[in-house]
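Shown next: final_9.cif, containing mmCIF, C-alpha atoms and all ligand atoms.
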```cif
data_start
#
loop_
_atom_site.label_atom_id
_atom_site.label_comp_id
_atom_site.auth_asym_id
_atom_site.auth_seq_id
_atom_site.Cartn_x
_atom_site.Cartn_y
_atom_site.Cartn_z
CA MET E 1 43.40 65.41 -19.32
CA PRO E 2 43.13 63.45 -16.03
CA LYS E 3 44.50 59.94 -16.20
CA ALA E 4 42.20 56.98 -16.34
CA ILE E 5 41.83 55.02 -13.09
CA LEU E 6 41.58 51.25 -12.80
CA LEU E 7 39.90 50.02 -9.61
CA LYS E 8 41.44 46.57 -9.52
CA GLY E 9 40.04 43.38 -8.04
CA GLY E 10 37.24 44.68 -5.80
CA ARG E 11 34.01 42.83 -5.13
CA VAL E 12 31.53 44.83 -7.17
CA VAL E 13 28.12 44.86 -5.51
CA ASP E 14 25.49 46.68 -7.57
CA PRO E 15 21.79 46.27 -6.79
CA ALA E 16 20.85 47.94 -10.10
CA THR E 17 22.42 45.20 -12.23
CA GLY E 18 22.41 42.41 -9.64
CA LEU E 19 26.17 42.05 -10.01
CA ASP E 20 28.01 40.64 -7.00
CA ALA E 21 31.39 39.40 -8.19
CA VAL E 22 35.07 40.32 -8.29
CA ARG E 23 35.57 42.72 -11.18
CA ASP E 24 37.86 45.52 -12.30
CA VAL E 25 36.30 48.92 -12.96
CA LEU E 26 37.94 51.26 -15.46
CA VAL E 27 37.14 54.95 -15.03
CA GLU E 28 37.77 57.50 -17.77
CA LYS E 29 36.65 61.13 -18.00
CA GLY E 30 34.27 60.81 -15.07
CA VAL E 31 32.49 57.81 -16.48
CA ILE E 32 32.77 54.04 -16.04
CA ALA E 33 34.46 52.89 -19.25
CA ALA E 34 34.39 49.15 -18.52
CA VAL E 35 33.55 46.60 -15.84
CA GLY E 36 35.24 43.27 -16.37
CA LYS E 37 37.70 40.61 -15.36
CA GLY E 38 41.42 41.10 -15.80
CA LEU E 39 41.19 44.53 -17.44
CA GLY E 40 44.60 45.85 -18.54
CA ALA E 41 45.93 49.09 -17.05
CA ASN E 42 46.92 50.62 -20.42
CA GLY E 43 48.45 53.63 -18.67
CA ALA E 44 45.64 54.05 -16.13
CA THR E 45 46.47 54.64 -12.47
CA VAL E 46 45.84 51.30 -10.74
CA VAL E 47 44.12 51.38 -7.35
CA ASP E 48 44.19 48.01 -5.62
CA CYS E 49 40.71 47.15 -4.33
CA ASP E 50 41.47 43.58 -3.25
CA GLY E 51 39.30 42.80 -0.21
CA LEU E 52 37.12 45.86 -0.75
CA VAL E 53 33.51 46.13 -1.81
CA VAL E 54 33.08 48.50 -4.78
CA ALA E 55 29.55 49.89 -5.04
CA PRO E 56 27.59 52.98 -6.05
CA ALA E 57 28.36 55.70 -3.48
CA PHE E 58 25.71 56.36 -0.86
CA VAL E 59 22.87 58.88 -1.00
CA ASP E 60 21.48 60.49 2.16
CA LEU E 61 17.95 61.84 1.95
CA HIS E 62 18.21 63.55 5.33
CA ALA E 63 21.05 65.64 6.73
CA HIS E 64 21.29 68.95 8.60
CA LEU E 65 24.29 71.03 7.54
CA ARG E 66 23.55 74.17 9.64
CA GLU E 67 24.70 76.61 6.96
CA PRO E 68 23.47 79.31 6.74
CA GLY E 69 23.26 80.38 10.35
CA ARG E 70 25.08 77.97 12.64
CA GLU E 71 28.44 77.56 10.96
CA ASP E 72 29.97 76.88 14.37
CA ALA E 73 28.09 73.55 14.47
CA GLU E 74 28.58 72.53 10.81
CA THR E 75 29.18 74.12 7.44
CA ILE E 76 28.37 72.86 4.00
CA GLU E 77 32.08 72.17 3.63
CA SER E 78 32.53 70.26 6.92
CA GLY E 79 29.29 68.37 6.37
CA SER E 80 30.43 67.51 2.84
CA ARG E 81 33.71 66.18 4.24
CA ALA E 82 31.81 64.09 6.78
CA ALA E 83 29.60 62.76 3.99
CA ALA E 84 32.50 61.89 1.70
CA ILE E 85 34.36 60.06 4.47
CA GLY E 86 31.13 58.16 5.13
CA GLY E 87 31.01 57.02 1.50
CA TYR E 88 28.31 59.44 0.33
CA SER E 89 28.20 61.22 -3.02
CA ALA E 90 24.92 63.07 -2.52
CA LEU E 91 22.82 64.37 0.33
CA CYS E 92 19.63 66.29 0.89
CA ALA E 93 20.20 69.24 3.22
CA MET E 94 17.23 70.00 5.46
CA ALA E 95 15.63 73.43 5.49
CA ASN E 96 15.84 74.29 9.22
CA THR E 97 18.72 76.70 8.77
CA SER E 98 18.82 80.39 9.67
CA PRO E 99 17.49 81.92 7.51
CA VAL E 100 15.18 79.01 6.72
CA ALA E 101 15.49 77.51 3.23
CA ASP E 102 12.03 78.70 2.21
CA SER E 103 13.00 80.85 -0.79
CA ALA E 104 14.83 80.54 -4.09
CA ALA E 105 17.65 82.71 -2.72
CA VAL E 106 18.48 80.40 0.19
CA VAL E 107 18.13 77.09 -1.68
CA GLU E 108 20.33 78.45 -4.48
CA GLN E 109 22.93 79.57 -1.96
CA VAL E 110 23.04 76.09 -0.39
CA PHE E 111 23.11 74.38 -3.78
CA ASN E 112 25.87 76.60 -5.15
CA THR E 113 28.02 76.33 -2.03
CA GLY E 114 27.72 72.54 -2.21
CA ARG E 115 28.83 72.59 -5.83
CA ALA E 116 31.75 74.92 -5.01
CA VAL E 117 32.95 72.61 -2.22
CA GLY E 118 32.61 69.77 -4.69
CA LEU E 119 32.88 66.79 -2.36
CA VAL E 120 29.23 65.67 -2.55
CA ASP E 121 26.23 66.90 -4.47
CA VAL E 122 24.16 68.89 -1.97
CA TYR E 123 20.45 69.00 -2.79
CA PRO E 124 18.64 71.55 -0.63
CA VAL E 125 15.28 70.51 0.76
CA GLY E 126 12.78 73.36 0.57
CA ALA E 127 10.68 74.31 3.58
CA LEU E 128 6.98 73.48 3.31
CA THR E 129 5.90 76.54 5.25
CA VAL E 130 7.26 80.07 5.55
CA GLY E 131 9.85 80.18 8.34
CA LEU E 132 8.87 76.60 9.34
CA GLU E 133 6.03 78.24 11.19
CA GLY E 134 3.32 75.92 9.95
CA LYS E 135 1.02 78.79 8.94
CA HIS E 136 1.51 79.63 5.27
CA LEU E 137 2.83 77.52 2.42
CA ALA E 138 6.31 78.51 1.31
CA GLU E 139 6.98 79.45 -2.31
CA MET E 140 7.40 75.84 -3.37
CA GLY E 141 7.05 76.63 -7.07
CA GLU E 142 9.72 79.33 -6.89
CA MET E 143 12.15 76.91 -5.21
CA HIS E 144 11.33 74.25 -7.77
CA ASP E 145 11.97 76.66 -10.64
CA SER E 146 15.22 77.96 -9.10
CA ALA E 147 18.71 76.82 -10.09
CA ALA E 148 18.53 74.36 -7.17
CA HIS E 149 15.51 72.67 -8.81
CA VAL E 150 13.99 71.59 -5.51
CA THR E 151 11.75 68.53 -5.71
CA PHE E 152 11.79 67.62 -2.03
CA PHE E 153 10.04 69.69 0.64
CA SER E 154 9.96 69.38 4.41
CA ASP E 155 9.75 71.42 7.61
CA ASP E 156 11.83 68.70 9.26
CA GLY E 157 12.50 69.35 12.90
CA ARG E 158 8.96 70.78 13.07
CA CYS E 159 5.75 68.97 12.26
CA VAL E 160 3.07 70.50 10.05
CA GLN E 161 0.17 70.22 12.51
CA ASP E 162 -2.56 71.82 10.37
CA SER E 163 -4.21 69.09 8.28
CA GLY E 164 -5.64 71.54 5.75
CA LEU E 165 -2.21 73.07 5.17
CA MET E 166 -0.62 69.64 4.85
CA ARG E 167 -3.25 68.70 2.29
CA ARG E 168 -2.53 71.83 0.26
CA ALA E 169 1.22 71.18 0.44
CA LEU E 170 0.70 67.69 -0.94
CA GLU E 171 -1.62 68.94 -3.69
CA TYR E 172 0.82 71.64 -4.67
CA ALA E 173 3.75 69.22 -4.68
CA ARG E 174 1.84 66.81 -6.89
CA ALA E 175 1.82 69.40 -9.66
CA PHE E 176 5.54 68.85 -10.18
CA ASP E 177 5.69 65.33 -8.74
CA ALA E 178 7.73 66.55 -5.78
CA ILE E 179 8.10 64.65 -2.51
CA VAL E 180 6.73 65.94 0.77
CA ALA E 181 8.18 64.76 4.07
CA ASN E 182 6.63 65.67 7.39
CA HIS E 183 8.36 65.36 10.76
CA ALA E 184 5.62 63.26 12.36
CA GLU E 185 5.03 64.51 15.90
CA ASP E 186 1.67 65.56 17.26
CA ALA E 187 2.32 68.74 19.23
CA GLY E 188 -0.17 68.09 22.00
CA LEU E 189 1.05 64.58 22.68
CA ALA E 190 4.74 65.44 22.44
CA ASP E 191 4.49 68.63 24.49
CA GLY E 192 7.24 68.79 27.09
CA GLY E 193 8.49 65.27 26.32
CA ALA E 194 12.20 64.53 26.20
CA MET E 195 12.37 60.78 25.54
CA ASN E 196 10.25 57.79 24.61
CA GLU E 197 7.28 57.35 26.91
CA GLY E 198 7.40 53.92 28.48
CA GLU E 199 9.00 51.83 31.18
CA VAL E 200 12.34 53.62 31.04
CA SER E 201 10.89 57.15 31.16
CA GLY E 202 8.82 56.04 34.15
CA LEU E 203 11.91 54.76 35.95
CA LEU E 204 13.97 57.85 35.15
CA GLY E 205 11.22 60.34 35.87
CA LEU E 206 11.71 62.09 32.54
CA PRO E 207 8.70 63.37 30.58
CA GLY E 208 7.86 61.03 27.71
CA ILE E 209 6.70 61.25 24.10
CA PRO E 210 4.40 58.34 23.27
CA GLY E 211 4.78 56.48 19.99
CA GLU E 212 1.24 57.64 19.23
CA ALA E 213 2.55 61.20 18.74
CA GLU E 214 4.30 59.88 15.61
CA GLU E 215 1.69 57.34 14.58
CA LEU E 216 -1.28 59.72 14.59
CA ILE E 217 0.49 62.11 12.22
CA ILE E 218 1.73 59.32 9.94
CA ALA E 219 -1.80 57.88 9.75
CA ARG E 220 -3.17 61.34 8.91
CA ASP E 221 -0.49 62.07 6.33
CA LEU E 222 -1.02 58.71 4.64
CA ALA E 223 -4.71 59.52 4.34
CA LEU E 224 -3.90 62.98 2.96
CA ALA E 225 -1.35 61.60 0.48
CA LYS E 226 -4.05 59.25 -0.77
CA LEU E 227 -6.58 62.07 -1.01
CA ALA E 228 -4.13 64.29 -2.91
CA GLY E 229 -2.66 61.49 -5.03
CA ALA E 230 0.73 62.88 -4.00
CA ARG E 231 4.08 61.46 -2.95
CA LEU E 232 4.72 61.29 0.78
CA HIS E 233 8.09 60.38 2.26
CA VAL E 234 8.05 59.47 5.94
CA PRO E 235 11.31 60.52 7.60
CA HIS E 236 12.99 58.84 10.59
CA VAL E 237 10.33 56.20 11.32
CA SER E 238 10.77 55.10 14.92
CA THR E 239 7.94 52.81 16.10
CA ALA E 240 6.62 49.35 15.28
CA ASN E 241 3.12 50.73 14.73
CA SER E 242 4.45 53.30 12.26
CA VAL E 243 6.03 50.48 10.25
CA ALA E 244 2.69 48.64 10.26
CA LEU E 245 0.83 51.77 9.10
CA ILE E 246 3.26 52.32 6.21
CA ARG E 247 3.13 48.65 5.23
CA ALA E 248 -0.68 48.72 5.05
CA ALA E 249 -0.67 51.99 3.09
CA LYS E 250 1.77 50.57 0.55
CA GLU E 251 -0.45 47.53 0.14
CA ALA E 252 -3.37 49.90 -0.46
CA GLY E 253 -1.44 51.71 -3.21
CA VAL E 254 -0.61 54.97 -1.40
CA ARG E 255 2.43 56.69 -2.95
CA VAL E 256 4.59 56.51 0.15
CA THR E 257 8.26 55.88 0.81
CA ALA E 258 9.98 55.77 4.19
CA GLU E 259 13.36 55.97 5.83
CA ALA E 260 14.90 54.82 9.11
CA THR E 261 18.05 56.17 10.71
CA PRO E 262 21.06 54.09 11.80
CA HIS E 263 20.45 55.21 15.40
CA HIS E 264 16.82 54.08 15.46
CA LEU E 265 17.91 50.78 13.88
CA ALA E 266 20.64 50.23 16.48
CA LEU E 267 19.89 51.95 19.81
CA THR E 268 17.14 51.81 22.43
CA ASP E 269 15.78 54.16 25.09
CA THR E 270 17.65 52.28 27.84
CA LEU E 271 20.69 54.42 26.89
CA VAL E 272 18.91 57.47 28.26
CA ALA E 273 19.50 56.07 31.77
CA SER E 274 22.95 57.69 31.54
CA PHE E 275 21.18 61.08 31.24
CA ASP E 276 23.80 61.85 28.59
CA PRO E 277 22.20 64.43 26.25
CA VAL E 278 23.94 62.81 23.29
CA PHE E 279 21.08 60.27 23.40
CA ARG E 280 18.39 62.91 22.99
CA VAL E 281 16.96 62.87 19.47
CA ALA E 282 13.69 63.54 17.69
CA PRO E 283 11.92 61.20 17.31
CA PRO E 284 13.31 59.65 20.49
CA LEU E 285 15.09 56.32 20.76
CA ARG E 286 12.41 53.70 21.33
CA THR E 287 12.21 50.11 22.66
CA ARG E 288 13.82 46.86 21.55
CA ALA E 289 10.49 45.78 20.00
CA ASP E 290 10.44 48.98 17.93
CA VAL E 291 14.05 48.44 16.80
CA ASP E 292 13.20 44.88 15.77
CA ALA E 293 10.15 46.04 13.81
CA LEU E 294 12.19 48.73 12.03
CA ARG E 295 14.78 46.13 11.09
CA ALA E 296 12.07 43.80 9.76
CA GLY E 297 10.63 46.74 7.80
CA LEU E 298 14.00 47.57 6.29
CA ILE E 299 14.54 43.95 5.32
CA ASP E 300 11.12 43.52 3.65
CA GLY E 301 11.27 46.95 1.95
CA THR E 302 8.46 48.64 3.92
CA ILE E 303 11.20 51.01 5.03
CA ASP E 304 12.73 51.84 1.67
CA CYS E 305 16.03 53.25 2.77
CA VAL E 306 18.39 54.39 5.49
CA ALA E 307 18.87 58.13 6.00
CA THR E 308 21.19 59.54 8.64
CA ASP E 309 19.31 62.57 10.06
CA HIS E 310 22.86 63.87 10.68
CA ALA E 311 22.14 66.63 13.22
CA PRO E 312 25.26 68.37 14.50
CA HIS E 313 24.99 70.55 17.58
CA ALA E 314 27.67 72.80 19.05
CA ARG E 315 28.95 71.59 22.39
CA GLU E 316 27.69 74.56 24.38
CA ASP E 317 24.18 73.90 23.08
CA LYS E 318 24.14 70.13 23.47
CA GLU E 319 25.86 69.76 26.84
CA LYS E 320 22.89 70.64 28.98
CA GLU E 321 20.58 68.71 31.24
CA PHE E 322 18.95 65.95 29.21
CA ASP E 323 15.54 67.56 28.92
CA LYS E 324 17.02 70.97 28.02
CA ALA E 325 19.44 69.76 25.32
CA PRO E 326 18.45 70.09 21.67
CA PRO E 327 17.64 66.78 19.97
CA GLY E 328 19.98 65.42 17.33
CA MET E 329 22.85 63.05 16.60
CA LEU E 330 25.68 62.92 14.08
CA GLY E 331 25.29 60.20 11.47
CA LEU E 332 27.18 60.61 8.21
CA GLU E 333 30.53 59.19 9.28
CA THR E 334 29.21 56.19 11.18
CA ALA E 335 26.23 54.99 9.11
CA LEU E 336 28.04 52.27 7.16
CA GLY E 337 29.89 50.94 10.22
CA VAL E 338 26.70 50.82 12.29
CA LEU E 339 24.70 49.07 9.59
CA ILE E 340 27.32 46.44 8.86
CA ALA E 341 27.90 45.76 12.57
CA GLU E 342 24.21 45.66 13.46
CA LEU E 343 22.55 44.21 10.36
CA VAL E 344 25.02 42.69 7.90
CA ALA E 345 27.44 40.91 10.29
CA PRO E 346 24.57 39.16 12.14
CA GLY E 347 23.15 38.00 8.78
CA LEU E 348 19.97 40.12 8.79
CA LEU E 349 20.80 42.03 5.61
CA ASN E 350 23.14 41.04 2.77
CA LEU E 351 25.48 43.49 1.06
CA THR E 352 23.24 43.91 -1.99
CA GLN E 353 20.33 44.87 0.27
CA LEU E 354 22.56 47.20 2.29
CA ILE E 355 23.71 49.06 -0.81
CA ASP E 356 20.19 49.13 -2.16
CA ARG E 357 18.96 50.79 1.05
CA MET E 358 21.89 53.25 1.24
CA SER E 359 22.33 54.13 -2.42
CA THR E 360 20.16 52.69 -5.19
CA THR E 361 16.78 53.27 -3.57
CA PRO E 362 17.36 56.72 -2.04
CA ALA E 363 18.75 57.90 -5.40
CA ARG E 364 15.62 56.59 -7.10
CA ILE E 365 13.29 58.23 -4.56
CA ARG E 366 14.94 61.63 -5.06
CA GLY E 367 15.23 61.03 -8.82
CA LEU E 368 19.00 61.49 -8.90
CA VAL E 369 20.51 60.38 -12.16
CA GLY E 370 24.26 59.75 -11.82
CA HIS E 371 23.97 58.53 -8.22
CA GLY E 372 22.96 55.10 -6.95
CA GLY E 373 24.50 53.18 -9.85
CA PRO E 374 24.47 51.28 -12.05
CA VAL E 375 28.08 50.13 -11.91
CA ALA E 376 28.18 49.60 -15.65
CA ALA E 377 29.92 51.01 -18.72
CA GLY E 378 28.59 54.46 -19.61
CA ALA E 379 27.33 55.32 -16.10
CA ALA E 380 28.79 58.09 -13.92
CA ALA E 381 31.84 56.92 -11.96
CA THR E 382 30.30 57.81 -8.59
CA LEU E 383 31.47 55.00 -6.39
CA VAL E 384 32.51 53.91 -2.94
CA ALA E 385 35.08 51.26 -2.01
CA PHE E 386 34.87 50.00 1.57
CA ASP E 387 36.40 47.29 3.68
CA PRO E 388 33.43 45.30 5.03
CA ALA E 389 35.57 43.52 7.63
CA ALA E 390 37.46 46.48 9.11
CA ARG E 391 36.64 47.08 12.75
CA TRP E 392 37.16 50.51 14.22
CA VAL E 393 36.26 52.39 17.36
CA VAL E 394 34.46 55.73 17.03
CA ASP E 395 36.57 58.58 18.37
CA PRO E 396 34.52 61.80 18.35
CA THR E 397 37.68 63.91 18.25
CA ARG E 398 38.62 62.41 14.89
CA LEU E 399 35.43 63.13 12.99
CA GLN E 400 35.26 65.54 10.05
CA SER E 401 32.13 67.16 11.47
CA LEU E 402 32.61 70.39 13.41
CA SER E 403 30.44 68.88 16.14
CA ASP E 404 31.06 65.76 18.19
CA ASN E 405 27.58 64.61 19.27
CA THR E 406 27.86 61.02 18.12
CA PRO E 407 25.92 58.44 20.14
CA PHE E 408 28.42 55.82 18.97
CA ALA E 409 31.49 57.26 20.75
CA GLY E 410 33.70 54.44 22.00
CA ARG E 411 31.72 51.79 20.15
CA GLU E 412 33.34 49.28 17.85
CA LEU E 413 31.78 49.39 14.39
CA GLN E 414 32.43 47.20 11.37
CA GLY E 415 33.02 48.44 7.83
CA LYS E 416 35.13 51.40 6.82
CA VAL E 417 35.19 53.53 3.71
CA VAL E 418 38.55 53.50 1.94
CA HIS E 419 37.78 55.44 -1.25
CA THR E 420 34.87 57.60 -2.42
CA MET E 421 34.66 58.87 -5.97
CA LEU E 422 32.38 61.54 -7.45
CA ARG E 423 32.16 61.58 -11.25
CA GLY E 424 35.59 60.03 -11.65
CA LYS E 425 37.43 62.14 -9.04
CA PHE E 426 38.43 60.79 -5.65
CA THR E 427 36.84 62.74 -2.81
CA VAL E 428 38.31 60.23 -0.36
CA LEU E 429 41.45 58.25 -1.12
CA ASP E 430 42.97 55.74 1.30
CA GLY E 431 40.65 56.95 4.04
CA GLU E 432 41.58 60.64 3.71
CA VAL E 433 39.46 63.44 2.28
CA VAL E 434 40.94 64.74 -0.96
CA HIS E 435 40.86 68.53 -0.87
CA GLY E 436 41.33 71.02 -3.66
CA GLN E 437 38.04 70.32 -5.42
CA ARG E 438 37.16 73.98 -5.60
O1 LIG E 501 16.86 65.06 16.44
C1 LIG E 501 16.61 65.80 15.51
N1 LIG E 501 17.36 66.88 15.27
N2 LIG E 501 15.55 65.56 14.74
C2 LIG E 501 15.15 66.42 13.80
O2 LIG E 501 14.23 66.13 13.09
C3 LIG E 501 15.80 67.75 13.67
C4 LIG E 501 17.19 67.63 14.08
C5 LIG E 501 17.93 68.93 14.18
O3 LIG E 501 17.78 69.78 13.32
O4 LIG E 501 18.72 69.08 15.12
#
```

Taking this structure as input, can you express it in the form of structure tokens?
Ligand code: DOR
Amino acid sequence: MPKAILLKGGRVVDPATGLDAVRDVLVEKGVIAAVGKGLGANGATVVDCDGLVVAPAFVDLHAHLREPGREDAETIESGSRAAAIGGYSALCAMANTSPVADSAAVVEQVFNTGRAVGLVDVYPVGALTVGLEGKHLAEMGEMHDSAAHVTFFSDDGRCVQDSGLMRRALEYARAFDAIVANHAEDAGLADGGAMNEGEVSGLLGLPGIPGEAEELIIARDLALAKLAGARLHVPHVSTANSVALIRAAKEAGVRVTAEATPHHLALTDTLVASFDPVFRVAPPLRTRADVDALRAGLIDGTIDCVATDHAPHAREDKEKEFDKAPPGMLGLETALGVLIAELVAPGLLNLTQLIDRMSTTPARIRGLVGHGGPVAAGAAATLVAFDPAARWVVDPTRLQSLSDNTPFAGRELQGKVVHTMLRGKFTVLDGEVVHGQR
């Protein structure tokens, strides 16, 4: 039988119970056996957590793992390693793989491979439409009834343009209380665009995508979610007006949740002046005013959570002229460091709010029991321990991901994961991925 583990003297921050105090956490047989002061080791392995924050491990509602199909860019295993080193215990893997995750066979393959790797729980997102083509609804019921038990559907990367189809998807999803997320980008308005439309795109002479391309679709989808009485999740919100639309819809009782990415919370379109394709992403980086509105939304809860939109791309694909490069940025390994540096250190968000937005709330949205806390006796020992003061510089050559398209290369971040634990087993110990889970 594996030995008990005593996480000694960490600052336990748990939004679910409201606890924010130095406590010991005793872990036995995958479960938290006790949380208290001065707990005795009694033969348990003692792991010193002095100076560390101990919290429920993070949950990412939005990651692209590229398997099946582009295993040169990322695999479920490499993406799981990246997630574990970032402090995550669960992630939702988007459906834009090859083949597309639009059938029971593909979602089961992704789910089972994630379980076999064993570093994070991988929850496949089912495609909304067959082949992401936006024409016919995918077999949502079949994916829901599969071993992967899909309750989250999206064509992410592509927007469902047809309003009638989107309405039917929402109505269908409502039958099993599933969540529908739509990549909000009006095709006509976004056509040919490579970056945010505004002052900077004008100066650079690059074709722009106006914020309205996102806002029109969000406004439509909010109306359709209301009509269908269904749950809508708005992924990677990027503009101030989108935040305002979601805020108003929540006040009106629409069943909507929303996420923002670390890059949209930290970076602006001025970075595109370098013409470095690493700064191309969908939706595009926006203005300072948009970043400030996203931050305000995250603070007041209009934006429920942070999701990474981890989007690895192989170097030969990404290193092209800016407007020819595929959109997407890595996110799993840098999310915590970006959020502490940009939001917690300046006093905009406290640690309880940070952990709520990275763990407790995304776990609740996806309905994941055993993730997102509580840090309390009887709950799953699925935890992260991080140093909130550690400063480190992002070196793309040292990432777990098979790709290196991080927009934070060379940047100093604050906050580093030291240990991650999934159901009582370390997946990361002393900053290193623990292998041999299979
Ligand atoms: O920038 C992005 N890249 N946004 C998306 O929604 C899709 C993603 C990808 O798959 O590369």

* **Close residues, Cys159 of chain E itself excluded, 6 Å, only C-alpha atoms, min 2 positions apart in chain, as a PyMOL selection string** => chain E and resi 161+182-185

* Asked: How would you write as a ChimeraX atom specification the residues that get within 9 Å of (-2.0, 68.5, -2.8) in the file's frame, counting only C-alpha atoms?
  -> /E:166-175,224-225,227-230

Show which residues sit within 12 Å of Glu251 of chain E, as a CSV table (one decimal) with C-alpha atoms, in the frame of the given file. Count only C-alpha atoms, and ignore same-chain residues fewer than 6 positions away.
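File produced: result-v3.csv:
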```
chain,number,residue,atom,x,y,z
E,244,ALA,CA,2.7,48.6,10.3
E,245,LEU,CA,0.8,51.8,9.1
E,301,GLY,CA,11.3,47.0,2.0
E,302,THR,CA,8.5,48.6,3.9
```

Interface rows for segment 206-277 of chain E against segment 56-69 of chain E: nearest pair, Å to one decimal, 9 Å, only C-alpha atoms, as a Markdown table:
```
| residue | atom | partner | partner_atom | distance |
| --- | --- | --- | --- | --- |
| E:Pro235 | CA | E:His62 | CA | 7.9 |
| E:His236 | CA | E:His62 | CA | 8.8 |
| E:Glu259 | CA | E:Leu61 | CA | 8.4 |
```

Once you count all atoms listed in the file, what closest atom pair and distance in Å to one decimal does each residue of chain E within 7 Å of ligand LIG 501 (chain E) have, with rows by chain and rising residue number, as CSV?
```
residue,atom,partner,partner_atom,distance
E:His64,CA,E:LIG501,O3,5.9
E:Asn96,CA,E:LIG501,O3,6.4
E:Asp156,CA,E:LIG501,O2,5.2
E:Gly157,CA,E:LIG501,O2,3.7
E:His183,CA,E:LIG501,O2,6.4
E:Val281,CA,E:LIG501,O1,3.7
E:Ala282,CA,E:LIG501,O1,3.7
E:Pro283,CA,E:LIG501,N2,6.2
E:Asp309,CA,E:LIG501,N2,6.7
E:Ala311,CA,E:LIG501,O4,4.6
E:Pro312,CA,E:LIG501,O4,6.6
E:His313,CA,E:LIG501,O4,6.9
E:Pro326,CA,E:LIG501,O4,6.6
E:Pro327,CA,E:LIG501,O1,4.0
E:Gly328,CA,E:LIG501,O1,3.3
E:Met329,CA,E:LIG501,O1,6.3
```

Output the selection as a PDB file, keeping the file's coordinate frame - C-alpha atoms for each residue.
```
ATOM      1  CA  HIS E  64      21.290  68.950   8.600  1.00  0.00           C
ATOM      2  CA  ASN E  96      15.840  74.290   9.220  1.00  0.00           C
ATOM      3  CA  ASP E 156      11.830  68.700   9.260  1.00  0.00           C
ATOM      4  CA  GLY E 157      12.500  69.350  12.900  1.00  0.00           C
ATOM      5  CA  HIS E 183       8.360  65.360  10.760  1.00  0.00           C
ATOM      6  CA  VAL E 281      16.960  62.870  19.470  1.00  0.00           C
ATOM      7  CA  ALA E 282      13.690  63.540  17.690  1.00  0.00           C
ATOM      8  CA  PRO E 283      11.920  61.200  17.310  1.00  0.00           C
ATOM      9  CA  ASP E 309      19.310  62.570  10.060  1.00  0.00           C
ATOM     10  CA  ALA E 311      22.140  66.630  13.220  1.00  0.00           C
ATOM     11  CA  PRO E 312      25.260  68.370  14.500  1.00  0.00           C
ATOM     12  CA  HIS E 313      24.990  70.550  17.580  1.00  0.00           C
ATOM     13  CA  PRO E 326      18.450  70.090  21.670  1.00  0.00           C
ATOM     14  CA  PRO E 327      17.640  66.780  19.970  1.00  0.00           C
ATOM     15  CA  GLY E 328      19.980  65.420  17.330  1.00  0.00           C
ATOM     16  CA  MET E 329      22.850  63.050  16.600  1.00  0.00           C
TER      17      MET E 329
END
```

* To do: For atom CA of Arg255 of chain E and atom CA of Pro15 of chain E, determine how far apart the two atoms are, in Å to one decimal place.
  => 22.3 Å

* Asked: What's the 12 Å shell around Ala83 of chain E, counting all atoms listed in the file, without same-chain residues fewer than 3 positions away, as a ChimeraX atom specification?
  -> /E:57-65,74-80,86-93,114,118-122,307-310,330-336,384,399-401,417,420-422,427-428,433

* Asked: E:Val54, E:Leu39, E:Val25, E:Ile179: which is nearest Gly378 of chain E, counting all atoms listed in the file?
  -> E:Val25

* Determine the nearest neighbour of Asp304 of chain E from the options E:Thr397, E:Asn196, E:Ser103, E:Gln353, counting only C-alpha atoms. =>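 Of E:Thr397, E:Asn196, E:Ser103, E:Gln353, the one nearest Asp304 of chain E, counting only C-alpha atoms, is E:Gln353.
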
* List the neighbours of segment 34-36 of chain E out to 7 Å using all atoms listed in the file; skip same-chain residues closer than 6 positions along the sequence, and give me the result as a ChimeraX atom specification. => /E:23-26,376-377

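Nearest-residue note for Asp72 of chain E: choosing from E:Ala116, E:Ala223, E:Leu402, E:Leu413, the minimum distance belongs to E:Leu402, counting all atoms listed in the file.
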
* Asked: Quick one: distance from atom CA of Ala249 of chain E to atom CA of Gly164 of chain E in Å, one decimal?
  -> 20.3 Å

Take every atom of segment 336-339 of chain E listed in the file, fit an axis-aligned box around them, add 5 Å per side, and give the centre and edge lengths in Å to one decimal as lines of an AutoDock Vina configuration file.
```
center_x = 27.3
center_y = 50.7
center_z = 9.7
size_x = 15.2
size_y = 13.2
size_z = 15.1
```

* Asked: Separation of atom CA of Leu132 of chain E and atom CA of Gln109 of chain E, in Å?
  ->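 Computing the Euclidean distance for atom CA of Leu132 of chain E and atom CA of Gln109 of chain E yields 18.3 Å.
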
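Using only C-alpha atoms for every distance, the candidate list E:Val272, E:His136, E:Pro407, E:Thr45 yields E:Val272 as the residue closest to Leu206 of chain E.
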
* Asked: Can you list, as a list of chain:residue names, every protein, DNA or RNA residue that comes within 8 Å of Val256 of chain E when you count only C-alpha atoms, leaving out same-chain residues fewer than 5 positions away?
  ->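 Counting only the stated atoms, we get E:Leu222, E:Ala225, E:Arg231, E:Leu232, E:His233, E:Val234, E:Ile246, E:Ala249, E:Lys250.
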
Would you give me, as a tab-separated table, each residue of segment 95-170 of chain E having an atom within 12 Å of an atom of segment 359-374 of chain E, along with its shortest atom pair and that distance in Å to one decimal, using all atoms listed in the file and sorting by chain and residue number?
```
residue	atom	partner	partner_atom	distance
E:Val120	CA	E:His371	CA	10.5
E:Asp121	CA	E:His371	CA	9.4
E:Val122	CA	E:Leu368	CA	11.4
E:Tyr123	CA	E:Arg366	CA	9.5
E:Pro124	CA	E:Arg366	CA	11.5
E:Val125	CA	E:Arg366	CA	10.6
E:His149	CA	E:Gly367	CA	11.6
E:Val150	CA	E:Arg366	CA	10.0
E:Thr151	CA	E:Arg366	CA	7.6
E:Phe152	CA	E:Arg366	CA	7.4
E:Phe153	CA	E:Arg366	CA	11.0
```
